[in-house]
$ cat final-v1.txt   # compact mmCIF, C-alpha atoms
# COMPACT_ATOMS: atom_id res chain seq x y z
CA MET A 24 11.11 11.45 -26.25
CA THR A 25 12.00 7.81 -25.58
CA GLN A 26 10.22 5.55 -23.11
CA ALA A 27 13.26 5.64 -20.79
CA GLN A 28 13.16 9.46 -20.81
CA LEU A 29 9.40 9.51 -20.20
CA ALA A 30 9.56 7.08 -17.25
CA PRO A 31 10.79 9.60 -14.61
CA ILE A 32 8.14 12.12 -15.67
CA LEU A 33 5.45 9.48 -15.23
CA MET A 34 6.85 8.71 -11.77
CA LEU A 35 6.66 12.37 -10.75
CA VAL A 36 3.02 12.54 -11.86
CA SER A 37 2.47 9.30 -9.94
CA GLY A 38 3.91 10.95 -6.82
CA PHE A 39 1.54 13.90 -7.18
CA CYS A 40 -1.52 11.63 -7.47
CA HIS A 41 -0.22 9.55 -4.57
CA ALA A 42 -0.15 12.62 -2.33
CA ILE A 43 -3.82 13.34 -3.09
CA VAL A 44 -4.83 9.74 -2.35
CA ASN A 45 -3.05 9.88 1.00
CA ALA A 46 -4.71 13.20 1.86
CA ILE A 47 -8.10 11.57 1.24
CA LEU A 48 -7.08 8.52 3.27
CA LYS A 49 -5.94 10.74 6.13
CA ALA A 50 -9.31 12.50 6.16
CA GLY A 51 -11.17 9.22 6.74
CA LYS A 52 -12.14 8.42 10.33
CA ASP A 53 -11.38 4.70 10.07
CA LYS A 54 -8.19 4.13 8.06
CA MET A 55 -8.76 0.42 7.35
CA SER A 56 -12.32 1.05 6.14
CA SER A 57 -11.12 3.93 3.98
CA ARG A 58 -8.43 1.70 2.48
CA ALA A 59 -11.01 -1.03 1.76
CA LEU A 60 -13.27 1.53 0.09
CA ILE A 61 -10.45 2.88 -2.10
CA ASP A 62 -9.23 -0.58 -3.17
CA GLY A 63 -12.79 -1.79 -3.73
CA PHE A 64 -13.63 1.07 -6.09
CA SER A 65 -10.34 0.56 -7.94
CA ALA A 66 -11.19 -3.10 -8.49
CA LEU A 67 -14.70 -2.32 -9.73
CA MET A 68 -13.26 0.13 -12.27
CA MET A 69 -10.89 -2.56 -13.56
CA VAL A 70 -13.56 -5.24 -14.10
CA PRO A 71 -14.52 -4.05 -17.63
CA VAL A 72 -10.86 -3.51 -18.54
CA ILE A 73 -9.82 -7.15 -18.09
CA PHE A 74 -12.03 -8.13 -21.04
CA PHE A 75 -9.98 -5.91 -23.36
CA VAL A 76 -6.44 -6.77 -22.27
CA PRO A 77 -4.54 -10.06 -22.58
CA LEU A 78 -4.13 -12.33 -19.60
CA PRO A 79 -0.92 -11.56 -17.66
CA ALA A 80 0.85 -14.68 -18.91
CA HIS A 81 4.23 -15.34 -17.23
CA ALA A 82 3.30 -12.81 -14.51
CA TRP A 83 0.84 -14.77 -12.34
CA GLY A 84 3.54 -15.65 -9.81
CA TRP A 85 4.60 -12.01 -9.50
CA LEU A 86 0.94 -10.97 -9.06
CA PHE A 87 0.43 -13.47 -6.25
CA ALA A 88 3.67 -12.44 -4.53
CA SER A 89 2.70 -8.79 -4.86
CA TRP A 90 -0.71 -9.51 -3.32
CA LEU A 91 0.88 -11.16 -0.28
CA VAL A 92 3.34 -8.31 0.22
CA HIS A 93 0.63 -5.67 -0.21
CA LEU A 94 -1.42 -7.42 2.46
CA VAL A 95 1.46 -7.23 4.95
CA TYR A 96 2.14 -3.65 3.83
CA LEU A 97 -1.39 -2.42 4.44
CA VAL A 98 -1.69 -4.15 7.83
CA SER A 99 1.66 -2.76 8.99
CA LEU A 100 0.73 0.70 7.67
CA VAL A 101 -2.53 0.69 9.63
CA LYS A 102 -0.66 -0.50 12.76
CA ALA A 103 1.94 2.24 12.27
CA PHE A 104 -0.86 4.83 12.06
CA GLU A 105 -2.32 3.45 15.29
CA THR A 106 0.95 4.06 17.17
CA LEU A 107 2.17 7.22 15.42
CA ASP A 108 0.73 10.25 13.67
CA MET A 109 0.62 9.81 9.91
CA THR A 110 3.05 12.72 9.50
CA VAL A 111 5.64 10.70 11.44
CA ALA A 112 4.96 7.06 10.50
CA TYR A 113 4.56 7.54 6.76
CA PRO A 114 7.76 9.51 6.07
CA ILE A 115 9.85 6.98 8.00
CA ALA A 116 8.41 4.15 5.93
CA ARG A 117 8.70 5.97 2.62
CA GLY A 118 12.24 7.11 3.45
CA LEU A 119 13.46 3.54 3.96
CA ALA A 120 11.78 2.18 0.83
CA PRO A 121 13.96 3.72 -1.96
CA VAL A 122 17.21 2.55 -0.37
CA LEU A 123 15.91 -0.99 0.17
CA ALA A 124 14.28 -1.18 -3.27
CA ALA A 125 17.49 -0.01 -4.96
CA ALA A 126 19.57 -2.54 -3.02
CA ALA A 127 17.20 -5.42 -3.86
CA ALA A 128 16.99 -4.46 -7.55
CA VAL A 129 20.76 -4.26 -7.88
CA VAL A 130 21.64 -7.37 -5.85
CA PHE A 131 18.92 -9.76 -7.05
CA PHE A 132 18.09 -8.49 -10.53
CA ARG A 133 21.36 -6.80 -11.55
CA GLU A 134 19.70 -3.48 -12.36
CA PRO A 135 22.11 -0.67 -13.29
CA ILE A 136 23.10 1.98 -10.75
CA THR A 137 25.75 4.69 -10.67
CA PRO A 138 27.33 6.76 -7.87
CA ALA A 139 25.26 9.74 -9.04
CA ILE A 140 22.02 7.74 -8.69
CA ILE A 141 23.11 6.53 -5.25
CA ALA A 142 23.67 10.14 -4.18
CA GLY A 143 20.21 11.15 -5.42
CA ILE A 144 18.55 8.24 -3.59
CA PHE A 145 20.42 9.16 -0.41
CA PHE A 146 19.20 12.77 -0.49
CA VAL A 147 15.60 11.78 -1.23
CA SER A 148 15.54 9.17 1.56
CA LEU A 149 17.27 11.47 4.04
CA GLY A 150 14.84 14.28 3.28
CA VAL A 151 11.77 12.06 3.56
CA MET A 152 12.82 10.67 6.94
CA ALA A 153 13.77 14.14 8.20
CA ILE A 154 10.19 15.27 7.54
CA GLY A 155 8.80 12.69 9.94
CA PHE A 156 11.63 12.18 12.42
CA HIS A 157 10.77 12.61 16.09
CA PRO A 158 13.32 12.11 18.89
CA HIS A 159 10.90 10.18 21.13
CA LEU A 160 9.81 7.19 19.04
CA SER A 161 8.93 3.87 20.67
CA ARG A 162 10.43 0.61 19.42
CA ARG A 163 6.93 -0.62 18.54
CA ALA A 164 6.23 2.44 16.42
CA LEU A 165 9.59 2.20 14.68
CA GLY A 166 9.04 -1.52 14.12
CA TRP A 167 5.72 -1.09 12.32
CA SER A 168 7.04 1.87 10.30
CA GLY A 169 10.17 -0.08 9.40
CA LEU A 170 8.14 -3.11 8.30
CA THR A 171 6.01 -0.80 6.16
CA GLY A 172 9.17 0.50 4.48
CA VAL A 173 10.45 -3.02 3.83
CA THR A 174 7.17 -4.08 2.23
CA ILE A 175 7.05 -0.96 0.03
CA ALA A 176 10.51 -1.85 -1.26
CA LEU A 177 9.50 -5.48 -1.82
CA TYR A 178 6.32 -4.79 -3.77
CA THR A 179 8.12 -2.15 -5.85
CA VAL A 180 10.77 -4.66 -6.95
CA ILE A 181 8.25 -7.50 -7.39
CA ASP A 182 5.87 -5.40 -9.46
CA ALA A 183 8.73 -4.10 -11.60
CA GLN A 184 9.52 -7.69 -12.57
CA GLY A 185 5.85 -8.56 -12.99
CA VAL A 186 4.94 -5.66 -15.26
CA ARG A 187 7.95 -6.51 -17.44
CA ALA A 188 6.98 -10.19 -17.61
CA ALA A 189 3.35 -9.50 -18.60
CA PRO A 190 2.47 -9.18 -22.30
CA THR A 191 1.39 -5.54 -21.80
CA ALA A 192 1.58 -3.03 -18.99
CA ALA A 193 -2.22 -2.58 -19.11
CA SER A 194 -2.69 -6.31 -18.48
CA TYR A 195 -0.57 -6.31 -15.32
CA ILE A 196 -2.05 -3.02 -14.07
CA ALA A 197 -5.65 -4.21 -14.50
CA TRP A 198 -5.09 -7.54 -12.76
CA THR A 199 -3.06 -5.93 -9.97
CA PHE A 200 -5.95 -3.68 -8.98
CA LEU A 201 -8.46 -6.48 -9.40
CA PHE A 202 -6.43 -8.72 -7.06
CA LEU A 203 -5.91 -5.97 -4.48
CA GLY A 204 -9.51 -4.79 -4.44
CA ALA A 205 -11.20 -8.18 -4.57
CA GLY A 206 -8.76 -9.64 -2.07
CA ILE A 207 -7.40 -7.09 0.38
CA GLY A 208 -10.24 -4.57 0.01
CA LEU A 209 -12.84 -7.27 0.71
CA LEU A 210 -10.79 -8.68 3.60
CA PHE A 211 -10.48 -5.26 5.25
CA ALA A 212 -14.20 -4.56 4.74
CA LEU A 213 -15.15 -7.84 6.43
CA TRP A 214 -12.62 -7.17 9.18
CA ARG A 215 -14.22 -3.83 10.07
CA GLY A 216 -17.82 -5.04 9.64
CA LYS A 217 -20.41 -2.42 10.60
CA VAL A 218 -17.72 0.23 10.90
CA PHE A 219 -16.91 -0.22 7.19
CA TYR A 220 -20.59 0.06 6.24
CA ALA A 221 -20.94 3.36 8.12
CA GLU A 222 -17.71 4.71 6.61
CA ALA A 223 -18.79 3.64 3.12
CA MET A 224 -22.12 5.45 3.46
CA ALA A 225 -20.42 8.63 4.64
CA GLN A 226 -17.27 8.60 2.50
CA TRP A 227 -18.17 6.89 -0.78
CA LYS A 228 -17.59 10.01 -2.90
CA PRO A 229 -14.03 10.66 -1.63
CA GLY A 230 -13.46 6.89 -1.78
CA LEU A 231 -14.50 6.79 -5.43
CA THR A 232 -12.19 9.72 -6.23
CA ALA A 233 -9.29 8.12 -4.38
CA GLY A 234 -9.98 4.78 -6.08
CA ALA A 235 -9.68 6.39 -9.51
CA LEU A 236 -6.54 8.27 -8.46
CA SER A 237 -5.05 5.04 -7.07
CA ILE A 238 -5.29 3.53 -10.54
CA ALA A 239 -3.60 6.62 -11.93
CA THR A 240 -0.82 6.77 -9.35
CA TYR A 241 0.19 3.11 -9.29
CA GLY A 242 -0.68 2.52 -12.94
CA LEU A 243 1.72 5.28 -13.96
CA ALA A 244 4.32 3.93 -11.54
CA LEU A 245 4.07 0.43 -13.02
CA LEU A 246 4.32 1.76 -16.56
CA ALA A 247 7.42 3.74 -15.58
CA LEU A 248 8.95 0.64 -13.94
CA ARG A 249 8.38 -1.31 -17.16
CA TRP A 250 10.43 1.28 -19.03
CA GLY A 251 13.12 2.31 -16.55
CA ALA A 252 15.39 1.10 -13.75
CA VAL A 253 13.98 0.59 -10.25
CA PRO A 254 16.67 2.39 -8.17
CA ARG A 255 16.15 5.79 -9.75
CA LEU A 256 12.38 5.56 -10.21
CA ALA A 257 11.59 4.26 -6.72
CA ALA A 258 13.26 7.32 -5.24
CA LEU A 259 11.47 9.72 -7.59
CA ARG A 260 8.08 8.45 -6.44
CA GLU A 261 8.85 9.72 -2.95
CA THR A 262 8.39 13.26 -4.26
CA SER A 263 4.81 12.57 -3.15
CA ILE A 264 6.01 13.83 0.26
CA VAL A 265 6.78 17.23 -1.26
CA PHE A 266 3.37 17.41 -2.93
CA ALA A 267 1.68 16.22 0.27
CA THR A 268 3.37 18.98 2.26
CA VAL A 269 2.22 21.63 -0.22
CA ILE A 270 -1.35 20.25 -0.07
CA ALA A 271 -1.25 20.22 3.76
CA VAL A 272 -0.12 23.84 3.90
CA LEU A 273 -2.41 25.25 1.20
CA PHE A 274 -5.59 23.26 1.85
CA LEU A 275 -5.38 21.75 5.35
CA GLY A 276 -3.93 24.74 7.18
CA GLU A 277 -0.90 22.86 8.50
CA HIS A 278 2.36 24.60 9.36
CA VAL A 279 5.84 23.61 8.28
CA ASN A 280 8.64 23.88 10.85
CA LEU A 281 12.32 24.27 10.01
CA GLN A 282 13.05 20.53 10.16
CA ARG A 283 10.21 19.66 7.84
CA GLY A 284 11.07 22.50 5.48
CA LEU A 285 14.67 21.32 5.22
CA GLY A 286 13.45 17.78 4.62
CA VAL A 287 11.21 18.90 1.77
CA ALA A 288 14.10 20.89 0.27
CA CYS A 289 16.34 17.82 0.52
CA VAL A 290 13.79 15.63 -1.26
CA ALA A 291 13.32 18.22 -4.00
CA ALA A 292 17.09 18.58 -4.46
CA GLY A 293 17.53 14.80 -4.63
CA ALA A 294 14.72 14.46 -7.16
CA MET A 295 16.17 17.21 -9.36
CA TRP A 296 19.57 15.54 -9.19
CA LEU A 297 18.05 12.19 -10.25
CA LEU A 298 16.27 13.86 -13.17
CA VAL A 299 19.43 15.64 -14.36
CA THR A 300 21.89 12.76 -13.88
CA GLY A 301 19.60 10.02 -15.17

$ encode --input "final-v1.txt" --output "structure tokens"
Amino acid sequence: MTQAQLAPILMLVSGFCHAIVNAILKAGKDKMSSRALIDGFSALMMVPVIFFVPLPAHAWGWLFASWLVHLVYLVSLVKAFETLDMTVAYPIARGLAPVLAAAAAVVFFREPITPAIIAGIFFVSLGVMAIGFHPHLSRRALGWSGLTGVTIALYTVIDAQGVRAAPTAASYIAWTFLFLGAGIGLLFALWRGKVFYAEAMAQWKPGLTAGALSIATYGLALLALRWGAVPRLAALRETSIVFATVIAVLFLGEHVNLQRGLGVACVAAGAMWLLVTG
């Protein structure tokens, strides 16, 4: 199996791990503190790794740009959660991201795309947004969710270029998590103050688990983006919504209505189409 053939499989596994991380994040009482805990543990795990990988030469600019976009992403995500339930805000953001990432990759970096790939992206995005759509959404809620989707698309395209520019994928992955944890994780922890300390004492075990899974989910995604084209792979990562729905039903006791069920089916059909036509 070639690297290009392995890339979509890695992205599906990434989506599965991503769903688990988000389930852990959702369980936390204070979302910003939980995010700081997850990113902080991820950074600590990467500290020994940086001594065994080359410096990300030619990728420092991409790393800095990614850090800035991730900062805006996490703030807008927290704000979206404050105005909407996670089951509404997150699907809207994730549904916008594949379309925007594909457009940016094609327009600015001339990445290949075909009508079949466009169709698959459309079905995945439509299904994801259908899962979270609610007829009575405020402009403020839509604004924060939309900004979250834009930043997801931006960091996906930026990190795709960065991981390709770095000497090895491991180098870019290690420094990405070090930057995010030492920068954004620390910033969020200081922002929440005593609230973060209380959350850390109560939730350090789930935070440690989610931190390790964060390395797995985004590390696999970055490796896949080094080997394959952004438009197809960005859409495949949104299969995390399907996995998240299964987890919610089996382990959290949530119910799936007709709209959400159709949305999940649409995402699954789009993902299968992308796998077959790619």

$ atom_distance --input "final-v1.txt" --atom1 "atom CA of A:Ala142" --atom2 "atom CA of A:Pro31"
16.6 Å

$ atom_distance --input "final-v1.txt" --atom1 "atom CA of A:Ile154" --atom2 "atom CA of A:Gln282"
6.5 Å

$ atom_distance --input "final-v1.txt" --atom1 "atom CA of A:Ala103" --atom2 "atom CA of A:Val186"
28.8 Å

$ residues_around --input "final-v1.txt" --residues "A:Phe145" --least-positions-apart "3" --cutoff "8 Å" --atoms "only C-alpha atoms" --output "ChimeraX atom specification"
/A:122,141-142,148-149,293

$ closest_residue --input "final-v1.txt" --among "A:Ala247, A:Val287, A:Pro254, A:Leu281" --to "A:Met34" --atoms "only C-alpha atoms"
A:Ala247

$ closest_residue --input "final-v1.txt" --among "A:Leu177, A:Ala193, A:Met69, A:Ala294" --to "A:Ala120" --atoms "all atoms listed in the file"
A:Leu177

$ closest_residue --input "final-v1.txt" --among "A:Thr199, A:Ser65, A:Thr268, A:Gln26" --to "A:Ile181" --atoms "all atoms listed in the file"
A:Thr199

$ residues_around --input "final-v1.txt" --residues "stretch 37-50 of chain A" --least-positions-apart "6" --cutoff "10 Å" --atoms "all atoms listed in the file" --output "PyMOL selection string"
chain A and resi 31+56-58+60-61+104+109-110+113+226+229-230+232-245+247+259-271+275

$ decode --input "final-v1.txt" --residues "stretch 216-262 of chain A" --atoms "N, CA and C atoms" --output "PDB file, in the first residue's frame"
ATOM      1  N   GLY A 216      -7.461  30.895  35.847  1.00  0.00           N
ATOM      2  CA  GLY A 216      -6.976  31.050  37.219  1.00  0.00           C
ATOM      3  C   GLY A 216      -7.358  29.910  38.141  1.00  0.00           C
ATOM      4  N   LYS A 217      -8.034  30.223  39.234  1.00  0.00           N
ATOM      5  CA  LYS A 217      -8.408  29.226  40.240  1.00  0.00           C
ATOM      6  C   LYS A 217      -9.359  28.172  39.679  1.00  0.00           C
ATOM      7  N   VAL A 218     -10.161  28.575  38.716  1.00  0.00           N
ATOM      8  CA  VAL A 218     -11.089  27.619  38.099  1.00  0.00           C
ATOM      9  C   VAL A 218     -10.301  26.504  37.416  1.00  0.00           C
ATOM     10  N   PHE A 219      -9.201  26.880  36.731  1.00  0.00           N
ATOM     11  CA  PHE A 219      -8.362  25.870  36.075  1.00  0.00           C
ATOM     12  C   PHE A 219      -7.748  24.928  37.096  1.00  0.00           C
ATOM     13  N   TYR A 220      -7.263  25.478  38.211  1.00  0.00           N
ATOM     14  CA  TYR A 220      -6.639  24.639  39.237  1.00  0.00           C
ATOM     15  C   TYR A 220      -7.628  23.601  39.768  1.00  0.00           C
ATOM     16  N   ALA A 221      -8.855  24.024  40.035  1.00  0.00           N
ATOM     17  CA  ALA A 221      -9.874  23.100  40.537  1.00  0.00           C
ATOM     18  C   ALA A 221     -10.215  22.037  39.493  1.00  0.00           C
ATOM     19  N   GLU A 222     -10.326  22.460  38.241  1.00  0.00           N
ATOM     20  CA  GLU A 222     -10.626  21.514  37.158  1.00  0.00           C
ATOM     21  C   GLU A 222      -9.486  20.520  36.970  1.00  0.00           C
ATOM     22  N   ALA A 223      -8.234  21.021  37.075  1.00  0.00           N
ATOM     23  CA  ALA A 223      -7.074  20.148  36.905  1.00  0.00           C
ATOM     24  C   ALA A 223      -7.021  19.086  37.995  1.00  0.00           C
ATOM     25  N   MET A 224      -7.336  19.470  39.222  1.00  0.00           N
ATOM     26  CA  MET A 224      -7.324  18.516  40.328  1.00  0.00           C
ATOM     27  C   MET A 224      -8.389  17.424  40.141  1.00  0.00           C
ATOM     28  N   ALA A 225      -9.526  17.831  39.603  1.00  0.00           N
ATOM     29  CA  ALA A 225     -10.647  16.894  39.469  1.00  0.00           C
ATOM     30  C   ALA A 225     -10.585  16.072  38.182  1.00  0.00           C
ATOM     31  N   GLN A 226      -9.998  16.647  37.133  1.00  0.00           N
ATOM     32  CA  GLN A 226     -10.089  16.026  35.806  1.00  0.00           C
ATOM     33  C   GLN A 226      -8.729  15.678  35.193  1.00  0.00           C
ATOM     34  N   TRP A 227      -7.689  15.526  35.990  1.00  0.00           N
ATOM     35  CA  TRP A 227      -6.369  15.313  35.385  1.00  0.00           C
ATOM     36  C   TRP A 227      -6.259  13.971  34.660  1.00  0.00           C
ATOM     37  N   LYS A 228      -6.951  12.953  35.149  1.00  0.00           N
ATOM     38  CA  LYS A 228      -6.872  11.646  34.474  1.00  0.00           C
ATOM     39  C   LYS A 228      -7.523  11.682  33.099  1.00  0.00           C
ATOM     40  N   PRO A 229      -8.789  12.166  32.968  1.00  0.00           N
ATOM     41  CA  PRO A 229      -9.357  12.312  31.629  1.00  0.00           C
ATOM     42  C   PRO A 229      -8.544  13.278  30.759  1.00  0.00           C
ATOM     43  N   GLY A 230      -7.988  14.332  31.388  1.00  0.00           N
ATOM     44  CA  GLY A 230      -7.173  15.282  30.632  1.00  0.00           C
ATOM     45  C   GLY A 230      -5.922  14.648  30.065  1.00  0.00           C
ATOM     46  N   LEU A 231      -5.298  13.779  30.853  1.00  0.00           N
ATOM     47  CA  LEU A 231      -4.108  13.064  30.395  1.00  0.00           C
ATOM     48  C   LEU A 231      -4.449  12.137  29.228  1.00  0.00           C
ATOM     49  N   THR A 232      -5.579  11.429  29.361  1.00  0.00           N
ATOM     50  CA  THR A 232      -6.022  10.539  28.282  1.00  0.00           C
ATOM     51  C   THR A 232      -6.310  11.318  27.012  1.00  0.00           C
ATOM     52  N   ALA A 233      -7.034  12.435  27.162  1.00  0.00           N
ATOM     53  CA  ALA A 233      -7.367  13.251  25.999  1.00  0.00           C
ATOM     54  C   ALA A 233      -6.126  13.893  25.393  1.00  0.00           C
ATOM     55  N   GLY A 234      -5.149  14.243  26.237  1.00  0.00           N
ATOM     56  CA  GLY A 234      -3.901  14.810  25.730  1.00  0.00           C
ATOM     57  C   GLY A 234      -3.154  13.823  24.845  1.00  0.00           C
ATOM     58  N   ALA A 235      -3.102  12.564  25.288  1.00  0.00           N
ATOM     59  CA  ALA A 235      -2.449  11.527  24.481  1.00  0.00           C
ATOM     60  C   ALA A 235      -3.220  11.281  23.180  1.00  0.00           C
ATOM     61  N   LEU A 236      -4.545  11.251  23.280  1.00  0.00           N
ATOM     62  CA  LEU A 236      -5.362  11.033  22.090  1.00  0.00           C
ATOM     63  C   LEU A 236      -5.299  12.226  21.131  1.00  0.00           C
ATOM     64  N   SER A 237      -5.088  13.425  21.665  1.00  0.00           N
ATOM     65  CA  SER A 237      -4.942  14.599  20.804  1.00  0.00           C
ATOM     66  C   SER A 237      -3.707  14.464  19.926  1.00  0.00           C
ATOM     67  N   ILE A 238      -2.631  13.941  20.514  1.00  0.00           N
ATOM     68  CA  ILE A 238      -1.418  13.704  19.725  1.00  0.00           C
ATOM     69  C   ILE A 238      -1.706  12.694  18.633  1.00  0.00           C
ATOM     70  N   ALA A 239      -2.455  11.649  18.996  1.00  0.00           N
ATOM     71  CA  ALA A 239      -2.794  10.623  18.006  1.00  0.00           C
ATOM     72  C   ALA A 239      -3.671  11.190  16.901  1.00  0.00           C
ATOM     73  N   THR A 240      -4.726  11.925  17.285  1.00  0.00           N
ATOM     74  CA  THR A 240      -5.681  12.372  16.274  1.00  0.00           C
ATOM     75  C   THR A 240      -5.082  13.401  15.318  1.00  0.00           C
ATOM     76  N   TYR A 241      -4.393  14.418  15.869  1.00  0.00           N
ATOM     77  CA  TYR A 241      -3.868  15.432  14.949  1.00  0.00           C
ATOM     78  C   TYR A 241      -2.531  15.009  14.349  1.00  0.00           C
ATOM     79  N   GLY A 242      -1.787  14.157  15.074  1.00  0.00           N
ATOM     80  CA  GLY A 242      -0.558  13.619  14.496  1.00  0.00           C
ATOM     81  C   GLY A 242      -0.847  12.781  13.260  1.00  0.00           C
ATOM     82  N   LEU A 243      -1.851  11.921  13.356  1.00  0.00           N
ATOM     83  CA  LEU A 243      -2.245  11.106  12.201  1.00  0.00           C
ATOM     84  C   LEU A 243      -2.773  11.983  11.069  1.00  0.00           C
ATOM     85  N   ALA A 244      -3.527  13.024  11.434  1.00  0.00           N
ATOM     86  CA  ALA A 244      -4.058  13.935  10.420  1.00  0.00           C
ATOM     87  C   ALA A 244      -2.925  14.646   9.682  1.00  0.00           C
ATOM     88  N   LEU A 245      -1.922  15.113  10.416  1.00  0.00           N
ATOM     89  CA  LEU A 245      -0.792  15.801   9.796  1.00  0.00           C
ATOM     90  C   LEU A 245       0.011  14.863   8.901  1.00  0.00           C
ATOM     91  N   LEU A 246       0.203  13.636   9.357  1.00  0.00           N
ATOM     92  CA  LEU A 246       0.919  12.661   8.533  1.00  0.00           C
ATOM     93  C   LEU A 246       0.154  12.392   7.241  1.00  0.00           C
ATOM     94  N   ALA A 247      -1.177  12.260   7.351  1.00  0.00           N
ATOM     95  CA  ALA A 247      -2.001  12.046   6.159  1.00  0.00           C
ATOM     96  C   ALA A 247      -1.906  13.246   5.211  1.00  0.00           C
ATOM     97  N   LEU A 248      -1.915  14.457   5.765  1.00  0.00           N
ATOM     98  CA  LEU A 248      -1.841  15.666   4.930  1.00  0.00           C
ATOM     99  C   LEU A 248      -0.477  15.807   4.253  1.00  0.00           C
ATOM    100  N   ARG A 249       0.539  15.232   4.835  1.00  0.00           N
ATOM    101  CA  ARG A 249       1.867  15.231   4.195  1.00  0.00           C
ATOM    102  C   ARG A 249       1.863  14.334   2.960  1.00  0.00           C
ATOM    103  N   TRP A 250       1.033  13.293   3.014  1.00  0.00           N
ATOM    104  CA  TRP A 250       1.025  12.303   1.935  1.00  0.00           C
ATOM    105  C   TRP A 250      -0.067  12.504   0.896  1.00  0.00           C
ATOM    106  N   GLY A 251      -1.153  13.183   1.262  1.00  0.00           N
ATOM    107  CA  GLY A 251      -2.291  13.281   0.345  1.00  0.00           C
ATOM    108  C   GLY A 251      -2.797  14.701   0.176  1.00  0.00           C
ATOM    109  N   ALA A 252      -3.801  14.866  -0.680  1.00  0.00           N
ATOM    110  CA  ALA A 252      -4.356  16.180  -0.996  1.00  0.00           C
ATOM    111  C   ALA A 252      -5.345  16.630   0.074  1.00  0.00           C
ATOM    112  N   VAL A 253      -5.313  17.929   0.374  1.00  0.00           N
ATOM    113  CA  VAL A 253      -6.147  18.507   1.429  1.00  0.00           C
ATOM    114  C   VAL A 253      -7.648  18.351   1.182  1.00  0.00           C
ATOM    115  N   PRO A 254      -8.170  18.648  -0.029  1.00  0.00           N
ATOM    116  CA  PRO A 254      -9.629  18.636  -0.211  1.00  0.00           C
ATOM    117  C   PRO A 254     -10.296  17.331   0.220  1.00  0.00           C
ATOM    118  N   ARG A 255      -9.752  16.232  -0.215  1.00  0.00           N
ATOM    119  CA  ARG A 255     -10.337  14.930   0.115  1.00  0.00           C
ATOM    120  C   ARG A 255     -10.141  14.590   1.591  1.00  0.00           C
ATOM    121  N   LEU A 256      -8.946  14.810   2.119  1.00  0.00           N
ATOM    122  CA  LEU A 256      -8.627  14.391   3.474  1.00  0.00           C
ATOM    123  C   LEU A 256      -9.322  15.239   4.535  1.00  0.00           C
ATOM    124  N   ALA A 257      -9.464  16.538   4.268  1.00  0.00           N
ATOM    125  CA  ALA A 257     -10.149  17.410   5.233  1.00  0.00           C
ATOM    126  C   ALA A 257     -11.590  16.967   5.433  1.00  0.00           C
ATOM    127  N   ALA A 258     -12.229  16.535   4.367  1.00  0.00           N
ATOM    128  CA  ALA A 258     -13.609  16.055   4.479  1.00  0.00           C
ATOM    129  C   ALA A 258     -13.678  14.726   5.224  1.00  0.00           C
ATOM    130  N   LEU A 259     -12.722  13.846   4.979  1.00  0.00           N
ATOM    131  CA  LEU A 259     -12.743  12.538   5.641  1.00  0.00           C
ATOM    132  C   LEU A 259     -12.590  12.655   7.152  1.00  0.00           C
ATOM    133  N   ARG A 260     -11.890  13.690   7.616  1.00  0.00           N
ATOM    134  CA  ARG A 260     -11.714  13.832   9.063  1.00  0.00           C
ATOM    135  C   ARG A 260     -13.032  14.136   9.770  1.00  0.00           C
ATOM    136  N   GLU A 261     -14.005  14.661   9.007  1.00  0.00           N
ATOM    137  CA  GLU A 261     -15.286  14.998   9.627  1.00  0.00           C
ATOM    138  C   GLU A 261     -16.143  13.768   9.924  1.00  0.00           C
ATOM    139  N   THR A 262     -15.626  12.586   9.583  1.00  0.00           N
ATOM    140  CA  THR A 262     -16.299  11.347  10.005  1.00  0.00           C
ATOM    141  C   THR A 262     -16.287  11.236  11.530  1.00  0.00           C
TER     142      THR A 262
END
